[in-house]
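Notes to accompany the following structure.
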Amino acid sequence: MTGVARYAAERNLPGCLYAWPVPATVPRGRVAAIRTADALALPGVHAVLTHENAPRTREPDDPILAVLQNDRVPHRGWQVALVVADTLEGARAGAEALDITYETAAHDAVLTADHDGLYTPETANGGYPAVRERGDVDRAFAAAPVQVDATYTIGPLHNHPMEPHATTALWSQDGRLTLYDSSQGATKVRDSLATVFGLRPDQVTVVSQHVGGGFGSKGTPRPQAVLAAMAALHTGRPVELAMPRRHMAAVVGHRAPTVQRVRLGASSDGTLTSVAHEISTHTSTVKEFVEQAAVPARVMYGSAHSRTVHRVAALDVPSPSWMRAPGEAPGMYALESAMDELASALGLDPVELRLRNDPAAEPDSGKPFSSRNLAACLRDGAARFGWNDRDPRPAVRREGPLLLGTGVAAATYPVYAAASHASAHAAPDGSYRIAVNATDIGTGARTVLAQIAAHVLETPVENVTVDIGDSDLPDAPLAGGSSGTASWGWSVHKAATALVERLGESSGPLPAAGVTVTADTTDETAEESPHARHAFGAHFAEVAVDSRTGEVRVRRMLGVFAAGHILNSRTGRSQFIGGMTMGLGMALTESSSLDPVFGDFTESDLASYHVPACADVTGLEAYWIDEDDPHLNPMGSKGIGEIGIVGAAAALGNAFHHATGVRLRTLPLAPDRVLSALR
Amino acid sequence: MEPTSRGRSGEGEGRAAGDRSTLTLNINGTDHTLTLDHRTTVLDTLRLHLGLTGAKKGCDHGQCGACTVLVDGRRANSCLLLAVAQDGARITTVEGLAADDRLHPLQEAFLERDALQCGYCTPGQICSGIGVLGEAQDGFPSHATAPTAPVTGPVALDAAEIRERMSGNLCRCGAYPRIVEAIGDVAS
């Protein structure tokens, strides 16, 4: 707001050096030789780190952190050197001056639905079983009077937080490591970096006080943290490493592409009898990450017969990772598009189809839902949007060259919470201080944690100070899985509750040092719930498709969400709208692909990878149904950071079909694809 | 290098030595005379040489707008400006918008509307928004301006105008609706 908040690469430490990473320029092979003499001869260049001279590290918990440890190039963009100089310009010039030769090997970077390398992993991301089967889905599908069998394709997607991944590292004389890291969870970064450098966790401090977005890509440490720490160790100086935007796609993770086949069988009244959702995706040869896109089909709709399968191929590509609602975002695009196709095949309103298949218990587990208000979201959204007057016929609304249509889709996201620690301190002057190593990546964590504490302490929120974003604070999980507020808030609630009890036990003035209590929610969060716990939502969208240019513009998007008790309407609304905006990008503007020859993302910067701009975002509205769910946590909240993206792309795709009469099953709905389809 | 011909009177004009030059930038009302590498951008000058980290580096390629500052009153992507070519320029960053401890009306409006999430694009959005207000006041048309609009006099900033004019400033958190409202508040 005034420019005083300091992010990771803004510490201006005395004597700080600047580092520029050097990405591999071949898609697979090994570094045969790196000639560093020219680079080192440049003025101001202090060091060139390569696999030959970089500090040896221990085996990391995540293989993407094993940088500069050997000559292997697992994919284009893998970092093979780091140049450290007095100035950023000097480091960059040094990187240009390196002479690197490679031995190359044949590579394969393109996923296909029938790729030879596809295998069935044990689990998908999140620890979900890769395969679940119930009943006899093939027979039930074959016998169904109404069938949909459709395949949906989504290319890779990139998180692209506005703040590039960045770390400033420094070592103290006594061998302690301090990192200012752009991260979603400083406790996790501390532990990972301690492992890598063979330190105890208490020898590492990670500060992530202000973080310019992450959307999953900063959930766990990324290679720049290790590289900056190595460079600081090697030079004995603080080192700042801010990732160049164009390098990011290859090393910070991406949403893996998916090819998703959905088969829905229904009786003629619209009751689903079989649901099969089978996805193929890629991972890298560095590690296995499987986008859990078939998981939401285990939650959404009742059917006697079901199969959900994940298959993955390890290609010579950058390692995929989390991007906002991994699994749910791509999976619900496919499932909710297929539901729309089924509604068309049945001649049934798509809202009504979903209402008819709203199950009382979670189909996969049989557990009762702690709360499930999908139907209320659909009904409320339909009323607000004016859905009930909709003419179901496709391709009949025109405004000159524009074709208009509306669409609906459902949303879901699981409820997660992880163990967290917090402390609560009462000072003699009546103020309170909460400490928890939470991270605010733009969600308003400080605000909501202060609110939670103030509510328990029965004090105005202005009396509560919240310290977050430093691994020397009580350990806490990362901002991910839409679980931050639940996890941190639970421990803050517990600490504040204990503080109230402690203060109630004594009378008279507080000691000069105040009173501090701590809390740990390991036990509470480890309890297996007898309930299936998920947030739900419904998206309604209206698009205008320009039949001359192929451009699809959003006229309105309206989301209604049921996510427990919404703790802060102001920041909560921003989370929903932000998720919907990213869903708009997924549907209409964000396109990335792996070049078969170069083995790299062809759209690696913000000029070629189009995140939604201000002019793309019109008429977005978010509403919610406040739920009173006693089976969640003391605040009664479900996570809201991700559900806004889930289903948004399907609602837009379904609106596109309603506008044009054409089904496009590949995202994004970009002009070239649209024009070809309309002709 | 000769100073630009935009009427600036740089303190150190023309004093070049090999790959460095001495030049003066007026930043937030204060003259700073610096000897800089010719490769140094205005953005890196602010962030790395002057400790003014309010202007953000999002892409370093003029694609995201996070580095937007005002140069002689007009908005510019500071990552695309070489400092050596800006000798004598008057630069305003987000740190220089508040006057006498009072926030600029657009900063107030951003707070009031909660027009931000992670905050990283925010300094650029605010500087860009101030640029938009000035451009509209001076009658600059945009793609959203009606072809029939008078060519002299201020352009009225409705939501469509603001969205169009602010589309050079990306926000991945999706705070756009509130940003448009905040600028609209100040425009009216």
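Ligands are numbered from 1 in the order shown, chains are lettered A, B, ... in the order of the structure tokens, and residues start at 1 in each chain.
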
ask   = If we count only C-alpha atoms, what is near Gly469 (chain A) at a cut-off of 7 Å, once residues fewer than 6 positions away on the same chain are taken out, given as a list of chain:residue names?
value = A:Ala186, A:Val207, A:Ser208, A:Gln209, A:Asn437, A:Ala438, A:Thr439

Serialized selection, N, CA and C atoms, as a PDB file, in the first residue's frame:
```pdb
ATOM      1  N   ALA A 186       6.877 -21.450   6.357  1.00  0.00           N
ATOM      2  CA  ALA A 186       8.279 -21.335   6.759  1.00  0.00           C
ATOM      3  C   ALA A 186       8.725 -22.504   7.630  1.00  0.00           C
ATOM      4  N   VAL A 207      12.169 -16.849   7.300  1.00  0.00           N
ATOM      5  CA  VAL A 207      11.225 -15.744   7.447  1.00  0.00           C
ATOM      6  C   VAL A 207      10.424 -15.613   6.151  1.00  0.00           C
ATOM      7  N   SER A 208       9.115 -15.678   6.288  1.00  0.00           N
ATOM      8  CA  SER A 208       8.226 -15.502   5.123  1.00  0.00           C
ATOM      9  C   SER A 208       7.115 -14.546   5.536  1.00  0.00           C
ATOM     10  N   GLN A 209       7.511 -13.323   5.789  1.00  0.00           N
ATOM     11  CA  GLN A 209       6.571 -12.397   6.410  1.00  0.00           C
ATOM     12  C   GLN A 209       5.560 -11.842   5.416  1.00  0.00           C
ATOM     13  N   ASN A 437       3.329 -19.746  13.454  1.00  0.00           N
ATOM     14  CA  ASN A 437       4.041 -19.578  12.186  1.00  0.00           C
ATOM     15  C   ASN A 437       3.122 -19.835  10.997  1.00  0.00           C
ATOM     16  N   ALA A 438       2.072 -19.051  10.955  1.00  0.00           N
ATOM     17  CA  ALA A 438       1.185 -19.058   9.792  1.00  0.00           C
ATOM     18  C   ALA A 438       1.829 -18.222   8.685  1.00  0.00           C
ATOM     19  N   THR A 439       1.263 -18.276   7.490  1.00  0.00           N
ATOM     20  CA  THR A 439       1.752 -17.466   6.374  1.00  0.00           C
ATOM     21  C   THR A 439       0.583 -16.749   5.731  1.00  0.00           C
TER      22      THR A 439
END
```

Test item: residues at most 12 Å from region 381-393 of chain A, only C-alpha atoms, excluding those fewer than 2 positions along its chain, as a PyMOL selection string = chain A and resi 340+343-352+373-379+395-397+404-410+537-542+555-562+619-625+654-655+657-661

message = Let's see if you can do this: from backbone DSSP, list all strand (DSSP E or B) residues in region 248-475 of chain A, as a VMD selection string.
response = chain A and resid 255 258 to 266 272 to 284 305 to 315 361 368 to 369 398 to 399 402 to 414 421 to 426 432 to 435 464 to 467 470

Output C-alpha atoms of each residue in that selection to a file, as a JSON list (two decimals), in the first residue's frame.
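Final file, selection27.json:
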```json
[["chain", "number", "residue", "atom", "x", "y", "z"],
["A", 255, "ARG", "CA", -0.51, -28.22, -12.95],
["A", 258, "THR", "CA", -4.76, -34.31, -18.00],
["A", 259, "VAL", "CA", -6.66, -36.39, -20.50],
["A", 260, "GLN", "CA", -9.88, -37.38, -18.80],
["A", 261, "ARG", "CA", -12.43, -39.89, -20.00],
["A", 262, "VAL", "CA", -15.79, -39.67, -18.28],
["A", 263, "ARG", "CA", -18.56, -42.20, -18.82],
["A", 264, "LEU", "CA", -21.92, -41.53, -17.25],
["A", 265, "GLY", "CA", -24.83, -43.92, -17.46],
["A", 266, "ALA", "CA", -28.30, -42.83, -16.38],
["A", 272, "LEU", "CA", -27.10, -41.93, -12.44],
["A", 273, "THR", "CA", -26.44, -45.64, -12.49],
["A", 274, "SER", "CA", -22.75, -45.60, -13.32],
["A", 275, "VAL", "CA", -19.95, -43.06, -13.06],
["A", 276, "ALA", "CA", -16.52, -43.78, -14.52],
["A", 277, "HIS", "CA", -13.79, -41.15, -14.43],
["A", 278, "GLU", "CA", -10.40, -42.25, -15.76],
["A", 279, "ILE", "CA", -7.55, -39.81, -16.09],
["A", 280, "SER", "CA", -4.12, -39.88, -17.66],
["A", 281, "THR", "CA", -1.50, -37.37, -16.64],
["A", 282, "HIS", "CA", 2.24, -36.86, -16.62],
["A", 283, "THR", "CA", 4.93, -36.58, -14.03],
["A", 284, "SER", "CA", 8.66, -36.02, -14.37],
["A", 305, "HIS", "CA", -21.56, -48.46, -9.95],
["A", 306, "SER", "CA", -18.39, -46.42, -10.10],
["A", 307, "ARG", "CA", -14.78, -46.54, -11.21],
["A", 308, "THR", "CA", -12.20, -43.81, -10.68],
["A", 309, "VAL", "CA", -8.70, -44.40, -12.03],
["A", 310, "HIS", "CA", -5.49, -42.40, -12.27],
["A", 311, "ARG", "CA", -2.71, -43.33, -14.66],
["A", 312, "VAL", "CA", 0.53, -41.46, -15.06],
["A", 313, "ALA", "CA", 3.55, -41.45, -17.38],
["A", 314, "ALA", "CA", 6.97, -40.25, -16.22],
["A", 315, "LEU", "CA", 8.17, -38.01, -19.06],
["A", 361, "ALA", "CA", -23.86, -40.10, 2.05],
["A", 368, "PRO", "CA", -22.55, -39.29, 6.08],
["A", 369, "PHE", "CA", -21.66, -35.76, 5.10],
["A", 398, "ARG", "CA", -27.86, -13.64, -30.93],
["A", 399, "GLU", "CA", -26.79, -10.03, -30.62],
["A", 402, "LEU", "CA", -22.42, -12.44, -30.75],
["A", 403, "LEU", "CA", -23.82, -15.78, -29.62],
["A", 404, "LEU", "CA", -25.02, -15.78, -26.02],
["A", 405, "GLY", "CA", -25.39, -18.63, -23.58],
["A", 406, "THR", "CA", -25.51, -19.56, -19.93],
["A", 407, "GLY", "CA", -24.11, -22.51, -18.06],
["A", 408, "VAL", "CA", -23.97, -24.06, -14.61],
["A", 409, "ALA", "CA", -21.55, -26.34, -12.81],
["A", 410, "ALA", "CA", -21.03, -27.56, -9.27],
["A", 411, "ALA", "CA", -17.96, -27.17, -7.07],
["A", 412, "THR", "CA", -16.48, -29.17, -4.25],
["A", 413, "TYR", "CA", -13.35, -29.08, -2.14],
["A", 414, "PRO", "CA", -12.34, -31.28, 0.83],
["A", 421, "HIS", "CA", 1.13, -24.92, 17.55],
["A", 422, "ALA", "CA", 0.38, -21.44, 18.83],
["A", 423, "SER", "CA", 1.01, -19.30, 21.85],
["A", 424, "ALA", "CA", -1.15, -16.64, 23.42],
["A", 425, "HIS", "CA", 0.25, -13.93, 25.66],
["A", 426, "ALA", "CA", -1.59, -11.52, 27.91],
["A", 432, "TYR", "CA", -2.71, -9.75, 23.78],
["A", 433, "ARG", "CA", -0.14, -11.25, 21.47],
["A", 434, "ILE", "CA", -0.71, -14.38, 19.42],
["A", 435, "ALA", "CA", 2.25, -16.21, 17.88],
["A", 464, "VAL", "CA", -4.69, -8.46, 19.64],
["A", 465, "THR", "CA", -1.37, -8.50, 17.83],
["A", 466, "VAL", "CA", -0.60, -11.52, 15.67],
["A", 467, "ASP", "CA", 2.95, -12.58, 14.83],
["A", 470, "ASP", "CA", 8.82, -16.72, 11.00]]
```

As a PDB file with N, CA and C atoms, in the first residue's frame, could you give me every residue of chain A near chain B (at most 9 Å apart, counting only C-alpha atoms)?
```
ATOM      1  N   MET A   1       0.841  -1.213   0.000  1.00  0.00           N
ATOM      2  CA  MET A   1       0.000   0.000   0.000  1.00  0.00           C
ATOM      3  C   MET A   1       0.874   1.261   0.000  1.00  0.00           C
ATOM      4  N   THR A   2       1.846   1.297   0.906  1.00  0.00           N
ATOM      5  CA  THR A   2       2.789   2.417   0.929  1.00  0.00           C
ATOM      6  C   THR A   2       4.185   1.971   0.519  1.00  0.00           C
ATOM      7  N   GLY A   3       4.333   0.678   0.231  1.00  0.00           N
ATOM      8  CA  GLY A   3       5.614   0.173  -0.245  1.00  0.00           C
ATOM      9  C   GLY A   3       6.574  -0.235   0.850  1.00  0.00           C
ATOM     10  N   VAL A   4       6.121  -0.263   2.101  1.00  0.00           N
ATOM     11  CA  VAL A   4       7.068  -0.577   3.176  1.00  0.00           C
ATOM     12  C   VAL A   4       7.156  -2.079   3.487  1.00  0.00           C
ATOM     13  N   ALA A   5       6.166  -2.859   3.082  1.00  0.00           N
ATOM     14  CA  ALA A   5       6.226  -4.306   3.352  1.00  0.00           C
ATOM     15  C   ALA A   5       7.398  -4.911   2.595  1.00  0.00           C
ATOM     16  N   ARG A   6       8.221  -5.669   3.293  1.00  0.00           N
ATOM     17  CA  ARG A   6       9.412  -6.246   2.649  1.00  0.00           C
ATOM     18  C   ARG A   6       9.169  -7.706   2.300  1.00  0.00           C
ATOM     19  N   TYR A   7       9.294  -8.009   1.036  1.00  0.00           N
ATOM     20  CA  TYR A   7       9.177  -9.386   0.551  1.00  0.00           C
ATOM     21  C   TYR A   7      10.585 -10.013   0.543  1.00  0.00           C
ATOM     22  N   GLU A  10      13.895  -8.360  -0.872  1.00  0.00           N
ATOM     23  CA  GLU A  10      13.872  -6.915  -0.620  1.00  0.00           C
ATOM     24  C   GLU A  10      14.496  -6.602   0.734  1.00  0.00           C
ATOM     25  N   ARG A  11      15.532  -7.364   1.086  1.00  0.00           N
ATOM     26  CA  ARG A  11      16.080  -7.165   2.429  1.00  0.00           C
ATOM     27  C   ARG A  11      17.220  -6.162   2.441  1.00  0.00           C
ATOM     28  N   ASN A  12      17.815  -5.892   1.289  1.00  0.00           N
ATOM     29  CA  ASN A  12      18.934  -4.918   1.202  1.00  0.00           C
ATOM     30  C   ASN A  12      19.973  -5.148   2.300  1.00  0.00           C
ATOM     31  N   THR A  87      26.612  -7.482  -8.540  1.00  0.00           N
ATOM     32  CA  THR A  87      25.390  -6.850  -9.025  1.00  0.00           C
ATOM     33  C   THR A  87      24.564  -7.873  -9.804  1.00  0.00           C
ATOM     34  N   LEU A  88      23.293  -7.555  -9.922  1.00  0.00           N
ATOM     35  CA  LEU A  88      22.407  -8.415 -10.698  1.00  0.00           C
ATOM     36  C   LEU A  88      22.834  -8.442 -12.167  1.00  0.00           C
ATOM     37  N   GLU A  89      23.226  -7.273 -12.673  1.00  0.00           N
ATOM     38  CA  GLU A  89      23.637  -7.211 -14.077  1.00  0.00           C
ATOM     39  C   GLU A  89      24.883  -8.068 -14.288  1.00  0.00           C
ATOM     40  N   ASN A 159       1.031 -21.554 -12.115  1.00  0.00           N
ATOM     41  CA  ASN A 159       0.561 -20.762 -10.981  1.00  0.00           C
ATOM     42  C   ASN A 159       0.831 -19.271 -11.192  1.00  0.00           C
ATOM     43  N   HIS A 160       2.042 -18.964 -11.561  1.00  0.00           N
ATOM     44  CA  HIS A 160       2.480 -17.581 -11.775  1.00  0.00           C
ATOM     45  C   HIS A 160       1.993 -16.600 -10.715  1.00  0.00           C
ATOM     46  N   PRO A 161       2.386 -16.802  -9.457  1.00  0.00           N
ATOM     47  CA  PRO A 161       2.136 -15.743  -8.474  1.00  0.00           C
ATOM     48  C   PRO A 161       2.870 -14.484  -8.923  1.00  0.00           C
ATOM     49  N   MET A 162       2.355 -13.332  -8.549  1.00  0.00           N
ATOM     50  CA  MET A 162       2.981 -12.093  -9.038  1.00  0.00           C
ATOM     51  C   MET A 162       4.390 -11.917  -8.489  1.00  0.00           C
ATOM     52  N   GLU A 163       4.631 -12.388  -7.274  1.00  0.00           N
ATOM     53  CA  GLU A 163       6.005 -12.342  -6.776  1.00  0.00           C
ATOM     54  C   GLU A 163       6.723 -13.606  -7.214  1.00  0.00           C
ATOM     55  N   PRO A 164       7.764 -13.475  -8.031  1.00  0.00           N
ATOM     56  CA  PRO A 164       8.514 -14.674  -8.408  1.00  0.00           C
ATOM     57  C   PRO A 164       9.135 -15.322  -7.167  1.00  0.00           C
ATOM     58  N   HIS A 210       6.042 -11.475   4.259  1.00  0.00           N
ATOM     59  CA  HIS A 210       5.135 -11.007   3.201  1.00  0.00           C
ATOM     60  C   HIS A 210       5.407 -11.859   1.972  1.00  0.00           C
ATOM     61  N   VAL A 211       4.376 -12.449   1.439  1.00  0.00           N
ATOM     62  CA  VAL A 211       4.522 -13.388   0.327  1.00  0.00           C
ATOM     63  C   VAL A 211       3.567 -12.976  -0.783  1.00  0.00           C
ATOM     64  N   GLY A 212       4.109 -12.765  -1.957  1.00  0.00           N
ATOM     65  CA  GLY A 212       3.315 -12.253  -3.066  1.00  0.00           C
ATOM     66  C   GLY A 212       2.593 -13.329  -3.843  1.00  0.00           C
ATOM     67  N   GLY A 213       1.769 -14.094  -3.142  1.00  0.00           N
ATOM     68  CA  GLY A 213       0.994 -15.148  -3.789  1.00  0.00           C
ATOM     69  C   GLY A 213       1.800 -16.421  -3.937  1.00  0.00           C
ATOM     70  N   PHE A 215      -0.354 -19.889  -4.634  1.00  0.00           N
ATOM     71  CA  PHE A 215      -1.318 -20.742  -5.330  1.00  0.00           C
ATOM     72  C   PHE A 215      -0.827 -22.180  -5.423  1.00  0.00           C
ATOM     73  N   PRO A 244      14.094 -15.406 -12.286  1.00  0.00           N
ATOM     74  CA  PRO A 244      13.580 -14.718 -13.470  1.00  0.00           C
ATOM     75  C   PRO A 244      12.249 -15.358 -13.879  1.00  0.00           C
ATOM     76  N   ARG A 245      11.288 -14.537 -14.231  1.00  0.00           N
ATOM     77  CA  ARG A 245       9.943 -15.062 -14.542  1.00  0.00           C
ATOM     78  C   ARG A 245      10.002 -16.191 -15.565  1.00  0.00           C
ATOM     79  N   ARG A 246      10.826 -16.018 -16.593  1.00  0.00           N
ATOM     80  CA  ARG A 246      10.834 -17.026 -17.666  1.00  0.00           C
ATOM     81  C   ARG A 246      11.429 -18.349 -17.225  1.00  0.00           C
ATOM     82  N   ASP A 440       0.766 -15.487   5.472  1.00  0.00           N
ATOM     83  CA  ASP A 440      -0.263 -14.744   4.746  1.00  0.00           C
ATOM     84  C   ASP A 440       0.186 -14.574   3.307  1.00  0.00           C
ATOM     85  N   ILE A 441      -0.419 -15.372   2.424  1.00  0.00           N
ATOM     86  CA  ILE A 441      -0.051 -15.281   1.001  1.00  0.00           C
ATOM     87  C   ILE A 441      -1.064 -14.428   0.248  1.00  0.00           C
ATOM     88  N   GLY A 442      -1.816 -13.646   1.000  1.00  0.00           N
ATOM     89  CA  GLY A 442      -2.820 -12.799   0.362  1.00  0.00           C
ATOM     90  C   GLY A 442      -4.223 -13.129   0.821  1.00  0.00           C
ATOM     91  N   THR A 443      -4.309 -14.042   1.787  1.00  0.00           N
ATOM     92  CA  THR A 443      -5.610 -14.521   2.239  1.00  0.00           C
ATOM     93  C   THR A 443      -6.181 -13.679   3.365  1.00  0.00           C
ATOM     94  N   GLY A 444      -5.335 -12.900   4.028  1.00  0.00           N
ATOM     95  CA  GLY A 444      -5.790 -12.163   5.207  1.00  0.00           C
ATOM     96  C   GLY A 444      -5.633 -12.978   6.471  1.00  0.00           C
ATOM     97  N   ARG A 570     -15.310  -9.998   4.185  1.00  0.00           N
ATOM     98  CA  ARG A 570     -14.539  -9.154   3.268  1.00  0.00           C
ATOM     99  C   ARG A 570     -13.421  -9.947   2.591  1.00  0.00           C
ATOM    100  N   THR A 571     -12.601 -10.607   3.413  1.00  0.00           N
ATOM    101  CA  THR A 571     -11.502 -11.376   2.823  1.00  0.00           C
ATOM    102  C   THR A 571     -12.024 -12.677   2.211  1.00  0.00           C
ATOM    103  N   SER A 574     -13.126 -12.115  -1.274  1.00  0.00           N
ATOM    104  CA  SER A 574     -11.970 -11.974  -2.170  1.00  0.00           C
ATOM    105  C   SER A 574     -11.397 -13.335  -2.549  1.00  0.00           C
ATOM    106  N   GLN A 575     -11.425 -14.290  -1.622  1.00  0.00           N
ATOM    107  CA  GLN A 575     -10.933 -15.634  -1.954  1.00  0.00           C
ATOM    108  C   GLN A 575     -11.817 -16.277  -3.014  1.00  0.00           C
ATOM    109  N   ILE A 577     -13.863 -14.802  -5.210  1.00  0.00           N
ATOM    110  CA  ILE A 577     -13.742 -14.077  -6.488  1.00  0.00           C
ATOM    111  C   ILE A 577     -12.394 -14.377  -7.142  1.00  0.00           C
ATOM    112  N   GLY A 578     -11.342 -14.446  -6.316  1.00  0.00           N
ATOM    113  CA  GLY A 578     -10.011 -14.739  -6.857  1.00  0.00           C
ATOM    114  C   GLY A 578      -9.956 -16.126  -7.476  1.00  0.00           C
ATOM    115  N   GLY A 579     -10.575 -17.092  -6.808  1.00  0.00           N
ATOM    116  CA  GLY A 579     -10.615 -18.448  -7.364  1.00  0.00           C
ATOM    117  C   GLY A 579     -11.404 -18.479  -8.669  1.00  0.00           C
ATOM    118  N   MET A 580     -12.538 -17.803  -8.680  1.00  0.00           N
ATOM    119  CA  MET A 580     -13.358 -17.764  -9.903  1.00  0.00           C
ATOM    120  C   MET A 580     -12.591 -17.109 -11.040  1.00  0.00           C
ATOM    121  N   THR A 581     -11.800 -16.090 -10.714  1.00  0.00           N
ATOM    122  CA  THR A 581     -11.006 -15.412 -11.743  1.00  0.00           C
ATOM    123  C   THR A 581      -9.968 -16.359 -12.333  1.00  0.00           C
ATOM    124  N   MET A 582      -9.354 -17.154 -11.472  1.00  0.00           N
ATOM    125  CA  MET A 582      -8.382 -18.120 -11.991  1.00  0.00           C
ATOM    126  C   MET A 582      -9.089 -19.199 -12.808  1.00  0.00           C
ATOM    127  N   ASP A 605       6.331 -17.106 -20.189  1.00  0.00           N
ATOM    128  CA  ASP A 605       6.313 -15.796 -19.533  1.00  0.00           C
ATOM    129  C   ASP A 605       4.902 -15.224 -19.591  1.00  0.00           C
ATOM    130  N   LEU A 606       4.738 -14.049 -19.021  1.00  0.00           N
ATOM    131  CA  LEU A 606       3.392 -13.488 -18.892  1.00  0.00           C
ATOM    132  C   LEU A 606       2.912 -12.821 -20.169  1.00  0.00           C
ATOM    133  N   ALA A 607       3.777 -12.726 -21.170  1.00  0.00           N
ATOM    134  CA  ALA A 607       3.321 -12.232 -22.467  1.00  0.00           C
ATOM    135  C   ALA A 607       2.710 -13.359 -23.290  1.00  0.00           C
ATOM    136  N   VAL A 611      -2.608 -14.830 -18.124  1.00  0.00           N
ATOM    137  CA  VAL A 611      -3.462 -14.829 -16.944  1.00  0.00           C
ATOM    138  C   VAL A 611      -4.511 -13.735 -17.161  1.00  0.00           C
ATOM    139  N   PRO A 612      -5.692 -13.894 -16.578  1.00  0.00           N
ATOM    140  CA  PRO A 612      -6.734 -12.895 -16.832  1.00  0.00           C
ATOM    141  C   PRO A 612      -6.268 -11.487 -16.468  1.00  0.00           C
ATOM    142  N   ALA A 613      -6.606 -10.540 -17.318  1.00  0.00           N
ATOM    143  CA  ALA A 613      -6.309  -9.130 -17.055  1.00  0.00           C
ATOM    144  C   ALA A 613      -7.597  -8.453 -16.591  1.00  0.00           C
ATOM    145  N   CYS A 614      -7.436  -7.216 -16.172  1.00  0.00           N
ATOM    146  CA  CYS A 614      -8.568  -6.480 -15.597  1.00  0.00           C
ATOM    147  C   CYS A 614      -9.768  -6.463 -16.544  1.00  0.00           C
ATOM    148  N   ALA A 615      -9.513  -6.266 -17.827  1.00  0.00           N
ATOM    149  CA  ALA A 615     -10.618  -6.146 -18.781  1.00  0.00           C
ATOM    150  C   ALA A 615     -11.348  -7.471 -19.012  1.00  0.00           C
ATOM    151  N   ASP A 616     -10.734  -8.583 -18.602  1.00  0.00           N
ATOM    152  CA  ASP A 616     -11.382  -9.889 -18.776  1.00  0.00           C
ATOM    153  C   ASP A 616     -12.421 -10.159 -17.697  1.00  0.00           C
ATOM    154  N   VAL A 617     -12.344  -9.412 -16.609  1.00  0.00           N
ATOM    155  CA  VAL A 617     -13.104  -9.776 -15.411  1.00  0.00           C
ATOM    156  C   VAL A 617     -14.247  -8.798 -15.222  1.00  0.00           C
ATOM    157  N   THR A 618     -15.421  -9.235 -15.650  1.00  0.00           N
ATOM    158  CA  THR A 618     -16.610  -8.389 -15.533  1.00  0.00           C
ATOM    159  C   THR A 618     -17.736  -9.188 -14.906  1.00  0.00           C
ATOM    160  N   GLY A 619     -18.491  -8.559 -14.075  1.00  0.00           N
ATOM    161  CA  GLY A 619     -19.724  -9.158 -13.567  1.00  0.00           C
ATOM    162  C   GLY A 619     -19.519 -10.363 -12.674  1.00  0.00           C
ATOM    163  N   LEU A 620     -18.426 -10.405 -11.898  1.00  0.00           N
ATOM    164  CA  LEU A 620     -18.224 -11.530 -10.981  1.00  0.00           C
ATOM    165  C   LEU A 620     -18.904 -11.251  -9.632  1.00  0.00           C
TER     166      LEU A 620
END
```

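When the distance limit is 8 Å and only C-alpha atoms are what count, the residues near Asp86 (chain A), minus those fewer than 2 positions from it on the same chain, are Cys16, Leu17, Tyr18, Gly44, Val45, His46, Val84, Leu88, Gly90 and Ala91 of chain A.
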
key: Computed interatomic separation between CA of Gly77 (chain A) and CA of Ser192 (chain A) (Å)   = 22.4 Å

query = Which residues, written as a list in words, have at least one atom at most 6 Å from Leu25 (chain B), with only C-alpha atoms counted and residues fewer than 3 positions away on the same chain left out?
reply =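 So, after excluding close chain neighbours, the residues are Asp31, His32, Asp87, Gly88 and Ala89 of chain B.
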
Write the residues of the preceding selection, restricted to C-alpha atoms, as a tab-separated table (two decimals), in the first residue's frame.
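The result, stored in out.tsv:
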```tsv
chain	number	residue	atom	x	y	z
B	31	ASP	CA	17.62	14.45	-6.06
B	32	HIS	CA	19.81	11.35	-6.06
B	87	ASP	CA	19.02	11.50	-16.28
B	88	GLY	CA	17.05	14.40	-14.82
B	89	ALA	CA	13.75	12.54	-14.71
```

message = Which residue is closest to Ala293 (chain A)? Choose from A:Ser593, A:Asn125, A:Gln69, A:Gln203 and count only C-alpha atoms.
response =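 Comparing A:Ser593, A:Asn125, A:Gln69, A:Gln203 against Ala293 (chain A), the winner is A:Asn125.
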
ask   = At what distance in Å, to one decimal, does CA of Lys287 (chain A) lie from CA of Pro201 (chain A)?
value =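 So the answer is 24.6 Å.
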
inquiry  = Excluding region 130-137 of chain B and its own-chain neighbours fewer than 3 positions away, which residues fall within 6 Å of it when counting only C-alpha atoms? Please give them as a PyMOL selection string.
reply    = chain B and resi 74-75+127+140+154-155

task = Can you work out which one of A:Asn463, A:Ser591, A:Gln173, A:Thr101 has the shortest atom-to-atom distance to Leu157 (chain A), counting only C-alpha atoms?
result =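 Residue with the minimum atom-to-atom distance to Leu157 (chain A): A:Ser591.
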
inquiry  = To test your reading of the structure, identify every residue in region 54-91 of chain A that backbone DSSP assigns to alpha helix (DSSP H), and report it as a list in words.
reply    =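 Everything in region 54-91 of chain A that counts as alpha helix (DSSP H) is Leu88, Glu89, Gly90 and Ala91 of chain A.
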